[in-house]
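*Asks:* A single structure is presented below for examination.
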Amino acid sequence: MEPKTKQMGKSEKQTTPTITGAEAVVKCLLEEGVRDIFGYPGGSIMPVYDALYDYLDKLNHILVRHEQGAIHAAQAYARVTGKAGVCIVTSGPGSTNLTTGLADAMMDSTPVVCISGQVAAGLLGTDAFQETDIIGISMPVTKWNTQVTKAEDIPAAIAKAFYIARSGRPGPVLVDITKNAQFGKLEFSYKPCTFIRSYRPHIEPDISAINQAAELINNAKKPYVLFGQGVILANAEEEFKRFIEKGDIPAAWTLLGLSALPTNHPLNVGMLGMHGNYGPNILTDECDVLIAVGMRFDDRVTGDVTRFARQAKVIHMEIDPAEINKNVKAEVAIPGSVKDTLPLLTERIKPANHSEWIHQFRELYKIEYEKVISKVLHPESKGITMPEVIHLLAEKTEGDAILVTDVGQHQMMGARYFRFNKTRSLVTSGGLGTMGFGLPAGLGAKIGCPDRTVITIVGDGGFQMTMQEMGTIFQTGAAVKIVIMNNNFLGMVRQWQELFFDKRYASTELINPDFIKLSEGFRIPATRVSERSNLSEAIDAMLAHPGPYLLEVIVEKEGNVFPMVPAGAAVSEIMLEPKKS
Amino acid sequence: MIQEFTITAFSENQIGLLNRITNLFTRRHLNIESLTVGESAIKGVHKFTIVVRTTREQVEKITKQIEKLVEVLKAFYLAEDEVIHQEIALYKVRTESLTQSNRFEAIMREHNARILELTPRYTVIEKTGHKEDTQKLFHELDQFGVLQFTRSGRIAVTRSNYEYLTAYLKEIEKLNEQNS
């Protein structure tokens with residue numbers, strides 16, 4: 001008599017091989033086209049790591065030094081490639097360490113798929129070792145999250161996760177998988193998710209709204225475009241360019257919209273908002289029709305929102321209906337992907353010439369150049385300024401590099417003074433303003449675009465928040481060029497203290513470690529520059545070096561970022577220099 | 001102007017969704033006056049009825065954010081005059097104190113209340129109505145000593161003929177067929 005198990009094995013159903021849930025996780029990632037993942041192993045995710053061990057030729061796993069580093073790297077990877085970034089972590093501290101990155105990705109609409117291990121289903125709710133309610137914790141900072149407790153549910157959950165992360169307004173998602181589900185068996189088959197009945201990422205363009213918008217634009221004397229990351233996320237850079245060119249409409253960018261339109265495009269008038277350019281802010285209060293394309297009117301862009309562009313009729317083109325009328329009332333709302341709506345609008349607008357209006361931007365730029373830009377690019381003082389460094393970096397890379405920033409003064413200077421020829425070339429933490437983002441993001445950007453030059457600029461404060469990722473950079477050999485702008489201060493906070501808190505520098509001065517020794521400790525070559533005369537050569541050496549490299553530039557201790565719209569002021573109240581007291 | 005709104009949301013039955021919805025109120029520092037959740041007329045679709053006192057502007061924003069949640073099928077808000085709504089209240093009173101009163105029957109008639117259970121020790125009374133009505137009865141009964149009192153969240157139907165969800169579900173079923 002044959003054993004019973006063998007009899008069962010004879011059944012026809014056995015055509016699909018049975019694998020573990022852990023292996024299914026890996027196979028799902030491969031099915032979704034994932035090639036690089038950022039992660040950190042631990043108890044509750046060990047089965048997945050064990051399965052991964054057999055697939056290392058197909059999946060490149062980057063072992064970070066802290067889970068926050070994993071998610072920031074995954075975010076940057078997503079931002080430069082347009083694919084979803086992926087990270088894998090363990091339960092408890094592994095997953096809670098993701099939260100800052102989740103919040104950051106949520107704010108900046110970055111598609112990231114996070115897979116976290118969880119204690120076995122039977123232990124849920126018992127305060128088991130490394131058990132955390134990561135579903136509860138991550139709820140407000142994820143677009144969607146789910147917990148999987150059975151192996152057979154893994155493929156559908158991961159398929160759904162990728163679909164939600166990438167579609168509509170992208171965002172971070174988290175799939176929490178209990179350890180028993182990773183050990184459990186399933187018959188593996190994968191079907192990508194393309195439809196969820198309660199979720200409608202695609203919005204049909206509203207033709208009557210588009211007609212209305214076209215009429216407003218065709219009758220406008222001073223039309224003005226504000227564009228954001230929506231243009232990049234929709235891959236609509238060409239559609240956008242055709243639209244502004246046909247309408248001859250000056251266009252200003254939000255921080256996250258930067259690089260969607262080349263810096264040298266004649267209709268690119270500069271940056272909006274708190275540290276944006278003079279003309280774009282002043283003329284917000286003078287345009288007659290304001291066309292917002294893929295942006296959400298963040299308070300750093302609008303200043304006092306009750307006094308923002310009140311004279312203008314606002315057209316808001318935006319993929320997320322919840323953003324429409326949230327901050328600024330729209331005269332005409334055009335929900336939907338700008339990839340779909342922009343061409344329909346372009347068809348309907350008349351070719352126009354607004355050279356006089358555009359000239360107003362140029363005139364204001366001249367004032368800004370004289371009062372601000374020339375002074376920081378050609379300073380009379382001995383100290384090196386941040387804009388000098390960034391300007392040189394831009395010149396030497398000819399606008400082709402990817403710029404990654406941390407948060408603070410250098411970030412604003414980077415946005416103001418770097419040059420961009422290609423889209424998806426700025427990676428920065430915009431909405432959340434996460435210090436410590438820059439270094440791991442530099443790593444992620446380089447992994448995503450190994451053939452491009454990636455420069456991470458970071459302050460001395462932010463660098464020390466995630467500097468352990470120097471270890472990851474060394475281990476992977478990712479040729480990230482790290483530039484620390486060292487002013488021995490938390491510069492942006494100090495600037496506010498100077499301007500608004502009577503120069504009371506409470507807890508902003510840093511007594512720093514020796515960054516060169518630190519870098520050398522991580523076995524990454526490093527140079528320090530404190531004299532202007534050595535700067536150019538040092539940058540050349542950094543760019544010529546084949547591997548990762550750290551350049552510390554000692555910059556002016558108390559440099560300020562100007563222009564500036566003080567918090568709570570209207571954008572037209574932008575200051576070119578500090579008020580004389 | 002701050003006024004009362006009833007938000008109705010239809011959703012898939014997903015663990016944690018209630019949490020996601022209440023989070024949206026928490027972050028705006030808005031108090032939920034009443035909340036009722038249960039299966040709707042459509043199998044598998046859950047219905048949330050949320051009462052909130054706020055401005056029209058706020059309720060519009062929050063409703064959009066509810067609808068944005070992946071598992072929410074549809075969400076809308078209605079002002080006081082656009083809905084017919086009721087709450088149910090249960091009162092447990094000592095039977096002895098009721099039988100000693102000559103007002104009891106009159107109170108029950110006036111308030112259109114009914115007795116659910118009567119035992120020698122206690123009587124359970126039920127009343128349906130608006131919050132003010134159930135509250136009024138509470139005060140009347142309290143002279144006899146209310147042992148227990150509980151009130152449900154609001155349930156509501158719209159005054160308009162249009163059934164938001166049915167039309168919506170038909171539309172997405174069509175889309176689903178096109179997709180598969």
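By order in the structure tokens, chains are A, B, ...; within a chain, residues start at 1; ligands start at 1, following the order shown.
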For the contact check between chain A and chain B, emit one row per residue of chain A within 9 Å, containing the shortest atom pair and the distance in Å rounded to one decimal, counting only C-alpha atoms, chain then rising number order, as a tab-separated table.

*Replies:*
residue	atom	partner	partner_atom	distance
A:Ile135	CA	B:Gly16	CA	8.0
A:Gly136	CA	B:Gly16	CA	7.6
A:Met139	CA	B:Arg20	CA	6.3
A:Pro140	CA	B:Arg20	CA	6.9
A:Lys143	CA	B:Leu69	CA	7.6
A:Trp144	CA	B:Val70	CA	6.7
A:Thr146	CA	B:Ile15	CA	8.4
A:Ile164	CA	B:Val70	CA	8.1
A:Thr194	CA	B:Asn179	CA	7.9
A:Phe195	CA	B:Asn176	CA	7.1
A:Ile196	CA	B:Val70	CA	8.4
A:Arg197	CA	B:Ile172	CA	6.4
A:Ser198	CA	B:Leu73	CA	4.3
A:Tyr199	CA	B:Val70	CA	5.2
A:Arg200	CA	B:Val70	CA	8.4
A:Asp320	CA	B:Lys68	CA	8.1
A:Pro321	CA	B:Lys64	CA	7.2
A:Ala322	CA	B:Lys64	CA	5.0
A:Glu323	CA	B:Lys61	CA	8.5
A:Ile324	CA	B:Lys61	CA	8.9
A:Asn325	CA	B:Lys61	CA	8.0
A:Lys326	CA	B:Lys61	CA	6.4

*Asks:* If we count only C-alpha atoms, what is near stretch 372-376 of chain A at a cut-off of 12 Å, once residues fewer than 3 positions away on the same chain are taken out, given as a PyMOL selection string?

*Replies:* chain A and resi 275-278+364-369+379-391+413+416-417+555-556+559-564+575-578

*Asks:* Rounded to one decimal in Å, what is the spacing between atom CA of A:Val332 and atom CA of B:Thr55?

*Replies:* 22.5 Å

*Asks:* Please run DSSP on the backbone and report, as a count of residues only, all residues within stretch 28-142 of chain B that come out as strand (DSSP E or B).

*Replies:* 51

*Asks:* Give me every alpha helix (DSSP H) residue in stretch 197-330 of chain A, going by DSSP on the backbone, as number ranges by chain.

*Replies:* A: 207-218, 230-233, 237-247, 278-282, 299-302

*Asks:* Include C-alpha atoms and write out the residues we just selected as a PDB file, in the first residue's frame.

*Replies:*
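Written out: out35.pdb:
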ATOM      1  CA  ILE A 207     -14.027  69.006 -20.594  1.00  0.00           C
ATOM      2  CA  SER A 208     -16.333  71.818 -19.546  1.00  0.00           C
ATOM      3  CA  ALA A 209     -13.883  72.869 -16.835  1.00  0.00           C
ATOM      4  CA  ILE A 210     -11.051  72.718 -19.354  1.00  0.00           C
ATOM      5  CA  ASN A 211     -13.049  74.896 -21.751  1.00  0.00           C
ATOM      6  CA  GLN A 212     -13.659  77.396 -18.980  1.00  0.00           C
ATOM      7  CA  ALA A 213      -9.967  77.424 -18.114  1.00  0.00           C
ATOM      8  CA  ALA A 214      -9.017  77.943 -21.752  1.00  0.00           C
ATOM      9  CA  GLU A 215     -11.353  80.891 -21.970  1.00  0.00           C
ATOM     10  CA  LEU A 216      -9.828  82.477 -18.878  1.00  0.00           C
ATOM     11  CA  ILE A 217      -6.332  81.944 -20.256  1.00  0.00           C
ATOM     12  CA  ASN A 218      -7.247  83.268 -23.701  1.00  0.00           C
ATOM     13  CA  GLY A 230       2.588  66.740 -10.205  1.00  0.00           C
ATOM     14  CA  VAL A 231       4.247  67.447 -13.547  1.00  0.00           C
ATOM     15  CA  ILE A 232       7.119  65.081 -12.744  1.00  0.00           C
ATOM     16  CA  LEU A 233       5.006  62.367 -11.122  1.00  0.00           C
ATOM     17  CA  GLU A 237       7.262  67.432 -18.623  1.00  0.00           C
ATOM     18  CA  GLU A 238       6.817  67.609 -22.431  1.00  0.00           C
ATOM     19  CA  GLU A 239       3.086  68.276 -22.208  1.00  0.00           C
ATOM     20  CA  PHE A 240       3.829  70.995 -19.699  1.00  0.00           C
ATOM     21  CA  LYS A 241       6.444  72.639 -21.884  1.00  0.00           C
ATOM     22  CA  ARG A 242       4.126  72.656 -24.892  1.00  0.00           C
ATOM     23  CA  PHE A 243       1.402  74.256 -22.783  1.00  0.00           C
ATOM     24  CA  ILE A 244       3.469  77.176 -21.469  1.00  0.00           C
ATOM     25  CA  GLU A 245       5.191  77.681 -24.821  1.00  0.00           C
ATOM     26  CA  LYS A 246       1.945  77.913 -26.770  1.00  0.00           C
ATOM     27  CA  GLY A 247       0.423  80.289 -24.235  1.00  0.00           C
ATOM     28  CA  TYR A 278      11.732  88.087  -6.039  1.00  0.00           C
ATOM     29  CA  GLY A 279       9.728  88.360  -9.263  1.00  0.00           C
ATOM     30  CA  PRO A 280       7.742  85.140  -8.896  1.00  0.00           C
ATOM     31  CA  ASN A 281       6.597  86.171  -5.420  1.00  0.00           C
ATOM     32  CA  ILE A 282       5.870  89.834  -6.130  1.00  0.00           C
ATOM     33  CA  ASP A 299       1.984  77.438   3.254  1.00  0.00           C
ATOM     34  CA  ARG A 300       5.669  77.844   2.426  1.00  0.00           C
ATOM     35  CA  VAL A 301       4.506  78.763  -1.083  1.00  0.00           C
ATOM     36  CA  THR A 302       1.528  80.958  -0.262  1.00  0.00           C
TER      37      THR A 302
END

*Asks:* Using only C-alpha atoms, which of B:Thr166, B:Phe76, B:Leu147, B:Ser152 sits nearest B:Thr6?

*Replies:*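 Once distances to B:Thr6 are computed over only C-alpha atoms, the minimum belongs to B:Phe76.
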
*Asks:* Atom CA of A:Val34 and atom CA of A:Val86, how far apart in Å?

*Replies:*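 So the answer is 7.8 Å.
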
*Asks:* Give me the residues within 12 Å of A:Leu56 as a ChimeraX atom specification, counting only C-alpha atoms and dropping any in the same chain fewer than 3 places off.

*Replies:* /A:26-27,30,35-37,49-53,59-62

*Asks:* Create the file for the chosen residues now, containing C-alpha atoms and written as a CSV table (one decimal), in the first residue's frame.

*Replies:*
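out-v6.csv was written with the following content:
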chain,number,residue,atom,x,y,z
A,26,VAL,CA,10.7,37.7,-2.8
A,27,LYS,CA,8.9,36.4,-5.9
A,30,LEU,CA,10.6,40.2,-8.7
A,35,ARG,CA,15.8,45.2,-8.7
A,36,ASP,CA,17.1,47.0,-5.6
A,37,ILE,CA,15.8,46.9,-2.1
A,49,TYR,CA,15.9,37.3,4.5
A,50,ASP,CA,16.6,33.6,4.3
A,51,ALA,CA,14.5,33.3,1.2
A,52,LEU,CA,16.3,36.4,-0.3
A,53,TYR,CA,19.6,34.6,0.2
A,59,LEU,CA,17.6,41.3,-6.2
A,60,ASN,CA,20.2,43.7,-5.0
A,61,HIS,CA,19.8,44.1,-1.2
A,62,ILE,CA,21.4,47.2,0.3

*Asks:* Rounded to one decimal place, report the atom CA of A:Ala309-atom CA of A:Met492 distance in Å.

*Replies:* 27.1 Å

*Asks:* Just want the 8 Å neighbourhood of stretch 121-131 of chain A, counted on only C-alpha atoms, with same-chain residues fewer than 3 positions away dropped. Output as a PDB file with N, CA and C atoms, in the first residue's frame.

*Replies:*
ATOM      1  N   SER A  91      10.159  43.734  12.822  1.00  0.00           N
ATOM      2  CA  SER A  91       9.065  44.283  13.631  1.00  0.00           C
ATOM      3  C   SER A  91       9.601  45.247  14.683  1.00  0.00           C
ATOM      4  N   GLY A  92       8.719  45.798  15.482  1.00  0.00           N
ATOM      5  CA  GLY A  92       9.114  46.635  16.614  1.00  0.00           C
ATOM      6  C   GLY A  92       9.945  47.822  16.183  1.00  0.00           C
ATOM      7  N   PRO A  93      11.161  47.966  16.745  1.00  0.00           N
ATOM      8  CA  PRO A  93      11.976  49.139  16.417  1.00  0.00           C
ATOM      9  C   PRO A  93      12.284  49.235  14.932  1.00  0.00           C
ATOM     10  N   GLN A 118       6.444  40.911  11.407  1.00  0.00           N
ATOM     11  CA  GLN A 118       5.638  41.083  12.607  1.00  0.00           C
ATOM     12  C   GLN A 118       5.690  39.779  13.389  1.00  0.00           C
ATOM     13  N   THR A 149      -1.669  37.837   7.847  1.00  0.00           N
ATOM     14  CA  THR A 149      -1.415  36.817   8.871  1.00  0.00           C
ATOM     15  C   THR A 149      -1.408  35.403   8.296  1.00  0.00           C
ATOM     16  N   THR A 178       3.112  38.759   9.412  1.00  0.00           N
ATOM     17  CA  THR A 178       3.443  38.020  10.631  1.00  0.00           C
ATOM     18  C   THR A 178       4.394  36.868  10.292  1.00  0.00           C
ATOM     19  N   LYS A 179       5.154  36.481  11.297  1.00  0.00           N
ATOM     20  CA  LYS A 179       6.204  35.495  11.067  1.00  0.00           C
ATOM     21  C   LYS A 179       5.620  34.147  10.631  1.00  0.00           C
ATOM     22  N   ASN A 180       4.452  33.788  11.194  1.00  0.00           N
ATOM     23  CA  ASN A 180       3.848  32.509  10.800  1.00  0.00           C
ATOM     24  C   ASN A 180       3.439  32.530   9.321  1.00  0.00           C
TER      25      ASN A 180
END

*Asks:* Skipping near chain neighbours, those fewer than 6 positions away, what residues fall within 8 Å of A:Tyr190 using only C-alpha atoms, listed as a ChimeraX atom specification?

*Replies:* /A:28,31,155-156,159

*Asks:* For stretch 44-52 of chain B, list every protein, DNA or RNA residue within 8 Å, evaluated using only C-alpha atoms, and leave out those in the same chain fewer than 3 positions away; present the list as a ChimeraX atom specification.

*Replies:* /B:4-13,30-41,154-156
